[in-house]
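Enquirer: As input, take model-v4.txt (compact mmCIF, C-alpha atoms and all ligand atoms):
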# COMPACT_ATOMS: atom_id res chain seq x y z
CA MET A 1245 -5.94 0.62 -19.07
CA ARG A 1246 -3.14 -1.45 -17.49
CA GLY A 1247 -1.88 -0.40 -14.05
CA THR A 1248 1.79 0.55 -13.73
CA THR A 1249 3.93 -0.85 -10.97
CA ARG A 1250 6.14 1.65 -9.26
CA ALA A 1251 9.84 0.78 -9.43
CA PRO A 1252 11.19 0.20 -5.90
CA THR A 1253 13.40 2.85 -4.45
CA ARG A 1254 17.01 2.06 -3.60
CA ALA A 1255 16.14 2.25 0.10
CA GLU A 1256 13.43 -0.38 -0.40
CA VAL A 1257 15.72 -2.68 -2.39
CA ILE A 1258 18.40 -2.40 0.29
CA ALA A 1259 15.92 -3.03 3.12
CA ARG A 1260 14.60 -6.20 1.43
CA ALA A 1261 18.14 -7.45 0.89
CA ALA A 1262 19.06 -6.73 4.51
CA ALA A 1263 16.12 -8.87 5.63
CA ARG A 1264 17.32 -11.71 3.38
CA LEU A 1265 20.85 -11.42 4.72
CA ALA A 1266 19.56 -11.45 8.30
CA GLY A 1267 17.66 -14.64 7.45
CA ALA A 1268 20.91 -16.19 6.21
CA GLY A 1269 22.61 -15.42 9.52
CA VAL A 1270 24.85 -12.62 8.21
CA PRO A 1271 26.05 -10.77 11.32
CA GLU A 1272 25.60 -7.15 10.14
CA PRO A 1273 22.95 -7.38 7.42
CA GLU A 1274 22.04 -3.68 7.08
CA ARG A 1275 25.65 -2.58 6.85
CA ASP A 1276 26.51 -5.26 4.29
CA ALA A 1277 23.39 -4.60 2.18
CA ARG A 1278 24.37 -0.93 1.97
CA LEU A 1279 28.01 -1.73 1.19
CA LEU A 1280 26.99 -4.11 -1.58
CA TYR A 1281 24.52 -1.63 -3.03
CA ARG A 1282 27.19 1.06 -3.08
CA TRP A 1283 29.45 -1.35 -4.97
CA ALA A 1284 26.67 -2.38 -7.39
CA ALA A 1285 25.79 1.25 -8.12
CA ASN A 1286 29.37 2.50 -7.99
CA LEU A 1287 28.53 5.08 -5.35
CA ASP A 1288 30.31 6.21 -2.21
CA GLY A 1289 28.49 6.50 1.12
CA ALA A 1290 27.37 10.10 0.63
CA GLY A 1291 26.43 9.42 -3.00
CA LEU A 1292 24.14 6.57 -1.98
CA SER A 1293 22.51 8.59 0.82
CA ALA A 1294 21.65 11.31 -1.69
CA VAL A 1295 19.75 8.95 -4.02
CA LEU A 1296 18.20 6.47 -1.57
CA ALA A 1297 14.67 7.73 -2.19
CA ASP A 1298 14.99 7.46 -6.00
CA PRO A 1299 14.01 4.37 -7.99
CA ALA A 1300 16.72 1.71 -8.33
CA THR A 1301 17.88 1.12 -11.91
CA ALA A 1302 17.67 -2.31 -13.55
CA PRO A 1303 21.46 -2.76 -14.02
CA GLU A 1304 22.05 -1.82 -10.39
CA ILE A 1305 19.43 -4.29 -9.22
CA ASP A 1306 20.94 -7.10 -11.35
CA ARG A 1307 24.43 -6.57 -10.00
CA PHE A 1308 23.17 -6.12 -6.46
CA GLU A 1309 21.04 -9.27 -6.65
CA ARG A 1310 24.08 -11.39 -7.59
CA ALA A 1311 26.10 -9.82 -4.78
CA VAL A 1312 23.36 -10.44 -2.21
CA GLU A 1313 23.10 -14.09 -3.30
CA ALA A 1314 26.84 -14.52 -2.80
CA ARG A 1315 26.63 -12.86 0.62
CA GLU A 1316 23.72 -15.17 1.58
CA GLY A 1317 26.18 -18.00 0.81
CA ARG A 1318 28.48 -16.22 3.33
CA ALA A 1319 31.11 -15.08 0.82
CA PRO A 1320 32.99 -12.19 2.47
CA VAL A 1321 32.04 -8.70 1.23
CA SER A 1322 35.66 -8.13 0.15
CA GLN A 1323 35.60 -11.19 -2.12
CA ILE A 1324 32.32 -10.06 -3.69
CA THR A 1325 33.48 -6.50 -4.32
CA GLY A 1326 37.06 -7.64 -5.02
CA LYS A 1327 38.60 -5.02 -2.77
CA ARG A 1328 39.45 -4.08 0.78
CA GLU A 1329 40.86 -0.92 2.28
CA PHE A 1330 44.01 -1.46 4.34
CA TRP A 1331 46.22 1.23 5.85
CA GLY A 1332 44.38 3.83 3.78
CA ARG A 1333 44.85 2.14 0.40
CA CYS A 1334 42.68 -0.07 -1.74
CA PHE A 1335 43.84 -3.68 -2.19
CA ARG A 1336 42.49 -6.24 -4.61
CA VAL A 1337 41.14 -9.32 -2.82
CA THR A 1338 40.27 -12.69 -4.37
CA PRO A 1339 39.51 -16.11 -2.88
CA ALA A 1340 43.26 -16.84 -3.26
CA VAL A 1341 44.29 -14.46 -0.48
CA LEU A 1342 43.46 -13.69 3.11
CA ASP A 1343 41.12 -10.72 3.39
CA PRO A 1344 43.44 -8.10 4.97
CA ARG A 1345 42.34 -7.62 8.57
CA PRO A 1346 42.20 -4.36 10.53
CA GLU A 1347 44.25 -5.98 13.32
CA THR A 1348 47.12 -6.51 10.89
CA GLU A 1349 47.40 -2.73 10.71
CA THR A 1350 48.91 -3.04 14.23
CA LEU A 1351 51.94 -4.67 12.60
CA VAL A 1352 52.21 -1.92 9.98
CA ALA A 1353 51.99 0.74 12.70
CA ALA A 1354 54.71 -1.03 14.71
CA ALA A 1355 56.99 -1.13 11.67
CA LEU A 1356 56.40 2.52 10.86
CA ALA A 1357 57.09 3.52 14.48
CA GLY A 1358 60.74 2.58 13.80
CA PRO A 1359 63.11 4.29 11.38
CA PRO A 1360 62.68 3.55 7.64
CA VAL A 1361 64.71 0.57 6.47
CA GLY A 1362 66.28 -0.01 3.06
CA ARG A 1363 65.15 -3.62 2.57
CA VAL A 1364 62.00 -5.29 3.87
CA LEU A 1365 61.15 -8.99 3.68
CA ASP A 1366 57.51 -10.13 4.04
CA LEU A 1367 57.07 -13.86 4.67
CA GLY A 1368 53.60 -15.04 3.56
CA THR A 1369 52.77 -11.84 1.70
CA GLY A 1370 49.30 -12.87 0.44
CA SER A 1371 47.66 -9.77 -1.06
CA GLY A 1372 50.88 -7.89 -0.29
CA CYS A 1373 49.00 -5.60 2.08
CA ILE A 1374 51.76 -5.38 4.72
CA LEU A 1375 54.76 -5.10 2.41
CA LEU A 1376 53.14 -2.73 -0.07
CA SER A 1377 51.83 -0.47 2.71
CA LEU A 1378 55.36 -0.19 4.09
CA LEU A 1379 56.91 0.47 0.68
CA ALA A 1380 54.28 3.14 -0.01
CA GLU A 1381 55.17 4.86 3.30
CA TRP A 1382 58.94 4.48 2.83
CA PRO A 1383 59.67 5.76 -0.69
CA GLU A 1384 63.35 4.74 -0.56
CA ALA A 1385 62.69 1.17 0.57
CA ARG A 1386 62.68 -1.98 -1.54
CA GLY A 1387 61.04 -5.23 -0.56
CA VAL A 1388 60.67 -8.93 -1.20
CA GLY A 1389 57.39 -10.77 -0.63
CA VAL A 1390 57.41 -14.56 -0.36
CA ASP A 1391 54.41 -16.84 -0.59
CA ILE A 1392 53.89 -20.54 -1.17
CA SER A 1393 50.76 -19.78 -3.20
CA ALA A 1394 51.32 -18.76 -6.82
CA ALA A 1395 47.72 -17.49 -7.00
CA ALA A 1396 48.32 -15.22 -4.00
CA LEU A 1397 51.50 -13.86 -5.59
CA GLU A 1398 49.45 -12.94 -8.70
CA VAL A 1399 47.17 -10.84 -6.50
CA ALA A 1400 50.17 -9.24 -4.75
CA ALA A 1401 51.63 -8.39 -8.18
CA GLN A 1402 48.34 -6.75 -9.26
CA ASN A 1403 48.29 -4.73 -6.05
CA ALA A 1404 51.92 -3.68 -6.55
CA ARG A 1405 51.04 -2.48 -10.05
CA SER A 1406 47.93 -0.58 -9.03
CA LEU A 1407 49.83 1.16 -6.22
CA GLY A 1408 52.73 2.03 -8.54
CA LEU A 1409 55.18 -0.05 -6.48
CA SER A 1410 56.18 -2.82 -8.93
CA GLY A 1411 59.63 -1.32 -9.44
CA ARG A 1412 60.51 -1.68 -5.78
CA VAL A 1413 59.12 -5.11 -4.98
CA GLY A 1414 60.22 -8.64 -5.79
CA LEU A 1415 57.67 -11.44 -5.40
CA VAL A 1416 59.07 -14.91 -4.84
CA ALA A 1417 57.33 -18.29 -4.72
CA GLY A 1418 58.78 -20.23 -1.83
CA ASP A 1419 58.44 -22.04 1.48
CA TRP A 1420 59.14 -19.39 4.15
CA CYS A 1421 62.88 -18.62 4.20
CA ALA A 1422 63.98 -21.57 2.08
CA GLY A 1423 65.69 -20.41 -1.10
CA LEU A 1424 66.21 -16.84 0.08
CA ALA A 1425 69.71 -17.32 1.50
CA GLY A 1426 71.21 -16.37 -1.87
CA SER A 1427 68.91 -13.36 -2.35
CA GLY A 1428 71.43 -10.84 -1.08
CA GLY A 1429 70.09 -11.25 2.47
CA GLN A 1430 70.42 -8.49 4.98
CA PHE A 1431 66.91 -7.25 5.50
CA GLY A 1432 66.62 -4.49 8.10
CA LEU A 1433 63.02 -5.50 8.73
CA ILE A 1434 61.37 -8.90 8.37
CA VAL A 1435 57.59 -8.97 8.74
CA SER A 1436 55.14 -11.83 8.72
CA ASN A 1437 51.50 -12.55 9.36
CA PRO A 1438 51.74 -16.33 9.09
CA PRO A 1439 48.85 -18.79 9.33
CA TYR A 1440 48.41 -19.36 13.09
CA ILE A 1441 45.04 -20.97 13.77
CA ALA A 1442 45.33 -24.36 15.48
CA GLY A 1443 43.89 -27.30 13.55
CA ASP A 1444 41.17 -27.97 16.14
CA GLU A 1445 40.01 -24.32 16.05
CA LEU A 1446 39.13 -24.33 12.34
CA ALA A 1447 35.66 -25.77 12.84
CA GLY A 1448 34.73 -22.86 15.12
CA LEU A 1449 35.55 -20.15 12.58
CA ALA A 1450 32.85 -18.04 10.91
CA PRO A 1451 31.65 -19.52 7.60
CA GLU A 1452 33.08 -16.48 5.77
CA VAL A 1453 36.54 -17.54 6.93
CA ARG A 1454 36.25 -21.33 7.10
CA ASN A 1455 34.53 -21.82 3.75
CA HIS A 1456 35.87 -18.93 1.69
CA GLU A 1457 39.42 -18.07 2.70
CA PRO A 1458 42.36 -20.30 1.68
CA LEU A 1459 43.22 -22.91 4.31
CA VAL A 1460 46.94 -22.37 3.65
CA ALA A 1461 46.49 -18.75 4.76
CA LEU A 1462 44.64 -19.70 7.95
CA SER A 1463 46.29 -22.66 9.59
CA PRO A 1464 49.47 -24.69 9.50
CA GLY A 1465 47.52 -27.44 11.30
CA GLY A 1466 48.50 -28.93 14.68
CA ASP A 1467 49.01 -26.38 17.46
CA GLY A 1468 49.08 -23.46 15.00
CA LEU A 1469 52.70 -22.62 15.78
CA ASP A 1470 54.62 -24.40 13.01
CA ALA A 1471 55.06 -21.34 10.83
CA TYR A 1472 56.68 -19.51 13.77
CA ARG A 1473 59.07 -22.45 14.25
CA ARG A 1474 60.02 -22.43 10.57
CA ILE A 1475 60.41 -18.65 10.41
CA ALA A 1476 62.44 -18.48 13.65
CA ALA A 1477 64.77 -21.17 12.36
CA GLY A 1478 65.23 -19.49 8.98
CA VAL A 1479 65.54 -15.72 9.49
CA GLY A 1480 69.08 -15.69 10.96
CA PRO A 1481 71.04 -15.47 7.69
CA LEU A 1482 68.51 -12.99 6.25
CA MET A 1483 68.46 -10.37 9.01
CA ALA A 1484 70.74 -7.32 8.85
CA PRO A 1485 72.70 -6.55 12.04
CA GLY A 1486 70.36 -4.73 14.43
CA GLY A 1487 67.38 -5.72 12.27
CA ARG A 1488 63.86 -6.33 13.56
CA LEU A 1489 61.40 -9.19 13.15
CA LEU A 1490 57.71 -8.25 13.49
CA MET A 1491 55.16 -11.05 13.45
CA GLU A 1492 51.43 -11.11 13.94
CA ILE A 1493 50.28 -13.66 16.53
CA GLY A 1494 47.01 -15.03 17.83
CA PRO A 1495 45.87 -13.42 21.09
CA ARG A 1496 46.95 -16.36 23.26
CA GLN A 1497 50.22 -17.20 21.51
CA ALA A 1498 52.67 -14.59 22.88
CA THR A 1499 54.33 -16.85 25.45
CA ALA A 1500 54.68 -19.81 23.11
CA VAL A 1501 56.02 -17.65 20.27
CA GLU A 1502 58.45 -15.95 22.63
CA ARG A 1503 59.82 -19.39 23.62
CA ILE A 1504 60.18 -20.43 19.98
CA LEU A 1505 62.03 -17.23 19.16
CA ALA A 1506 64.29 -17.51 22.22
CA ALA A 1507 65.35 -21.00 21.16
CA ALA A 1508 66.52 -19.48 17.88
CA GLY A 1509 68.48 -16.70 19.62
CA LEU A 1510 65.87 -13.98 19.23
CA VAL A 1511 64.72 -11.72 22.06
CA VAL A 1512 61.17 -10.41 22.12
CA THR A 1513 61.41 -6.68 22.86
CA ALA A 1514 57.69 -5.92 22.74
CA VAL A 1515 54.29 -7.57 22.55
CA LEU A 1516 51.88 -5.06 21.05
CA PRO A 1517 48.11 -5.07 21.41
CA ASP A 1518 45.57 -4.54 18.65
CA LEU A 1519 42.78 -1.98 18.97
CA ASP A 1520 40.73 -4.45 21.03
CA GLY A 1521 43.59 -4.72 23.55
CA ARG A 1522 44.52 -8.29 22.58
CA ASP A 1523 48.16 -9.35 22.07
CA ARG A 1524 48.67 -9.13 18.31
CA VAL A 1525 52.27 -8.44 17.30
CA VAL A 1526 55.65 -9.56 18.62
CA SER A 1527 58.73 -7.49 17.91
CA ALA A 1528 62.03 -9.34 18.20
CA SER A 1529 65.72 -8.96 17.42
CA PHE A 1530 68.72 -11.21 17.62
CA ARG A 1531 70.65 -10.96 20.86
CA PRO A 1532 73.88 -9.05 20.37
CA LYS A 1533 76.75 -11.59 20.51
CA SER A 1534 78.09 -10.19 23.80
CA GLU A 1535 74.77 -10.96 25.51
CA LYS A 1536 74.44 -14.48 24.14
CA ASN A 1537 75.03 -16.21 27.46
CA THR A 1538 73.22 -13.83 29.77
CA GLN A 1539 69.64 -14.14 30.86
CA PHE A 1540 68.95 -10.59 29.60
CA HIS A 1541 65.37 -10.34 28.56
CA GLU A 1542 63.01 -7.45 28.03
CA LEU A 1543 59.29 -7.71 27.55
CA PHE A 1544 57.17 -4.59 27.28
CA GLY A 1545 53.40 -4.94 27.20
CA LEU A 1546 51.97 -1.62 25.98
C1 LIG A 1601 47.60 -15.16 7.29
S1 LIG A 1601 47.99 -15.03 5.58
C2 LIG A 1601 48.70 -13.40 5.54
C3 LIG A 1601 48.57 -12.70 4.22
C4 LIG A 1601 48.96 -11.21 4.28
N1 LIG A 1601 50.35 -11.07 4.65
C5 LIG A 1601 48.08 -10.48 5.28
O1 LIG A 1601 48.57 -10.11 6.34
O2 LIG A 1601 46.89 -10.28 5.00
C6 LIG A 1601 49.38 -16.11 5.49
C7 LIG A 1601 50.05 -16.22 4.14
O3 LIG A 1601 51.13 -17.15 4.26
C8 LIG A 1601 51.20 -17.94 3.11
N2 LIG A 1601 51.89 -19.20 3.44
C9 LIG A 1601 51.38 -20.30 4.05
N3 LIG A 1601 52.33 -21.24 4.17
C10 LIG A 1601 53.45 -20.73 3.62
C11 LIG A 1601 54.77 -21.24 3.45
N4 LIG A 1601 55.11 -22.48 3.85
N5 LIG A 1601 55.71 -20.44 2.86
C12 LIG A 1601 55.37 -19.18 2.44
N6 LIG A 1601 54.12 -18.65 2.57
C13 LIG A 1601 53.18 -19.42 3.15
C14 LIG A 1601 49.75 -18.13 2.70
O4 LIG A 1601 49.64 -18.50 1.34
C15 LIG A 1601 49.16 -16.74 3.03
O5 LIG A 1601 49.23 -15.89 1.91
Using C-alpha cells, write down the structure that the file contains.

Expert:
Amino acid sequence: MRGTTRAPTRAEVIARAAARLAGAGVPEPERDARLLYRWAANLDGAGLSAVLADPATAPEIDRFERAVEAREGRAPVSQITGKREFWGRCFRVTPAVLDPRPETETLVAAALAGPPVGRVLDLGTGSGCILLSLLAEWPEARGVGVDISAAALEVAAQNARSLGLSGRVGLVAGDWCAGLAGSGGQFGLIVSNPPYIAGDELAGLAPEVRNHEPLVALSPGGDGLDAYRRIAAGVGPLMAPGGRLLMEIGPRQATAVERILAAAGLVVTAVLPDLDGRDRVVSASFRPKSEKNTQFHELFGL
C-alpha cells in the first residue's frame, strides 16, 4: 500500500514562504507572506485566521507561489496584488504608477481641513489617489489630474471608474502646468506630490522603489527640486483668488521649497508633519496684492 502525504496547512505554507522572503532580505517577511496568501486565497484577515489550520488548496498554492517569487525579486506587495488602500478606498496600482504612500494622506487631510472647493487641480496625479480621494469626500467638486505619463493616466482613469468618479474628473496628459492656461483656470485648490528625490539619493532607495517604481514618479534628477520650480512658476494663472497650493515635500526640503515659492510670489502658511513627525506638506497661497512689497511672512510648524 502506498503512503499518502498530508497536504500542508495554510499556516505551514505561509511559514515556509516567510522564511524564503526573509532569505531574500524582505523587511517584514511574515506580514508580507500573510498578505500575499490572503490575496491568493481571496480572504480577509479574519477569514485567513479561521482557516489557517486547514490544508491549503492547489489553486491557492499556485497563485501564492507566483506571488512569493515576485516578492523575492522585491516587487512591492501592491504591484503583486494590484491594489493599495489609500484614505479608506481601494486603488489599482501597476508598475506605471507610484504606490500611494501613507504619508501622502497628510496632504489629503490638510486639504480636507479647509472648506470644500469647486475645482481641484492635481499636478502629477499618478494613480489619482489624491485627487480622487478629495472628489469622493467633496461630492460637489470637480477635478483635473495632469500627468506626463500616459500609462499612469490609464490607471487614474480605471480608479476614477471603479470609484464612480469619472463624471467629475478630467485627466490630461501634460508637462506640469503647460497647456492648462486655456482650461478655464481658476482652481480653488491645487495639489501635487511631485517627484522630489535628488539624483544622488536614488542609489540608496530600497529595491522595491528603485527597481520597481517609475523613475519619472520618483526623481526629477539634480537636487530634486525642479518640479517645485516648474510648478511654482506655472500655477499663477491657474489659481482662483484666495486659492491654496498644497504640495508634498521631502523631509528636508521645506526651507528650499519655501524659497522657491516665495520667488514666485507665494507665501507658505504652514508646513505640516506626517505621522512620523517629519515635514511632509507645504501649504501656500499667493500674497494679496496689497502685501506684495511687505516682508509679511507666516510659518506655522504644527
Ligand atoms: C510622486 S508621483 C505622485 C503620484 C500620486 N499623485 C501620488 O501621490 O501617489 C509623481 C507623479 O508626477 C508625474 N510627473 C513627473 N514629471 C511630470 C511632469 N513633467 N508633468 C506632469 N507630471 C509629471 C509622474 O508621472 C508621477 O505620476

Enquirer: For the contact check between chain A and ligand LIG 1601 (chain A), emit one row per residue of chain A within 7 Å, containing the shortest atom pair and the distance in Å rounded to one decimal, counting all atoms listed in the file, chain then rising number order, as JSON lines.

Expert:
{"residue": "A:Val1341", "atom": "CA", "partner": "A:LIG1601", "partner_atom": "O5", "distance": 5.7}
{"residue": "A:Leu1342", "atom": "CA", "partner": "A:LIG1601", "partner_atom": "O2", "distance": 5.2}
{"residue": "A:Asp1343", "atom": "CA", "partner": "A:LIG1601", "partner_atom": "O2", "distance": 6.0}
{"residue": "A:Pro1344", "atom": "CA", "partner": "A:LIG1601", "partner_atom": "O2", "distance": 4.1}
{"residue": "A:Arg1345", "atom": "CA", "partner": "A:LIG1601", "partner_atom": "O2", "distance": 6.4}
{"residue": "A:Thr1348", "atom": "CA", "partner": "A:LIG1601", "partner_atom": "O1", "distance": 6.0}
{"residue": "A:Leu1367", "atom": "CA", "partner": "A:LIG1601", "partner_atom": "N6", "distance": 6.0}
{"residue": "A:Gly1368", "atom": "CA", "partner": "A:LIG1601", "partner_atom": "O3", "distance": 3.3}
{"residue": "A:Thr1369", "atom": "CA", "partner": "A:LIG1601", "partner_atom": "N1", "distance": 3.9}
{"residue": "A:Gly1370", "atom": "CA", "partner": "A:LIG1601", "partner_atom": "O5", "distance": 3.4}
{"residue": "A:Ser1371", "atom": "CA", "partner": "A:LIG1601", "partner_atom": "C4", "distance": 5.7}
{"residue": "A:Gly1372", "atom": "CA", "partner": "A:LIG1601", "partner_atom": "N1", "distance": 5.9}
{"residue": "A:Cys1373", "atom": "CA", "partner": "A:LIG1601", "partner_atom": "O2", "distance": 5.9}
{"residue": "A:Ile1374", "atom": "CA", "partner": "A:LIG1601", "partner_atom": "N1", "distance": 5.9}
{"residue": "A:Val1390", "atom": "CA", "partner": "A:LIG1601", "partner_atom": "C12", "distance": 5.8}
{"residue": "A:Asp1391", "atom": "CA", "partner": "A:LIG1601", "partner_atom": "N6", "distance": 3.7}
{"residue": "A:Ile1392", "atom": "CA", "partner": "A:LIG1601", "partner_atom": "C12", "distance": 4.1}
{"residue": "A:Ser1393", "atom": "CA", "partner": "A:LIG1601", "partner_atom": "O4", "distance": 4.8}
{"residue": "A:Ala1396", "atom": "CA", "partner": "A:LIG1601", "partner_atom": "O5", "distance": 6.0}
{"residue": "A:Gly1418", "atom": "CA", "partner": "A:LIG1601", "partner_atom": "C12", "distance": 5.6}
{"residue": "A:Asp1419", "atom": "CA", "partner": "A:LIG1601", "partner_atom": "N5", "distance": 3.5}
{"residue": "A:Trp1420", "atom": "CA", "partner": "A:LIG1601", "partner_atom": "N5", "distance": 3.8}
{"residue": "A:Ser1436", "atom": "CA", "partner": "A:LIG1601", "partner_atom": "N1", "distance": 6.3}
{"residue": "A:Asn1437", "atom": "CA", "partner": "A:LIG1601", "partner_atom": "C2", "distance": 4.8}
{"residue": "A:Pro1438", "atom": "CA", "partner": "A:LIG1601", "partner_atom": "C6", "distance": 4.3}
{"residue": "A:Pro1439", "atom": "CA", "partner": "A:LIG1601", "partner_atom": "C1", "distance": 4.3}
{"residue": "A:Val1460", "atom": "CA", "partner": "A:LIG1601", "partner_atom": "C9", "distance": 4.9}
{"residue": "A:Ala1461", "atom": "CA", "partner": "A:LIG1601", "partner_atom": "C15", "distance": 3.8}
{"residue": "A:Leu1462", "atom": "CA", "partner": "A:LIG1601", "partner_atom": "C1", "distance": 5.5}
{"residue": "A:Pro1464", "atom": "CA", "partner": "A:LIG1601", "partner_atom": "N3", "distance": 7.0}

Enquirer: Go ahead and compute the interatomic distance for atom CA of A:Thr1338 and atom CA of A:Leu1279, in Å to one decimal.

Expert: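 Taking atom CA of A:Thr1338 and atom CA of A:Leu1279, their separation equals 17.4 Å.
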
Enquirer: Would you mind listing what lies within 12 Å of stretch 1301-1316 of chain A as a PyMOL selection string, with all atoms listed in the file counted and same-chain residues fewer than 5 positions away left out?

Expert: chain A and resi 1251-1274+1276-1287+1295-1296+1321-1326+1451-1452+1456

Enquirer: Record the distance separating atom CA of A:Ala1340 and atom CA of A:Ala1395, expressed in Å with one decimal.

Expert: 5.9 Å
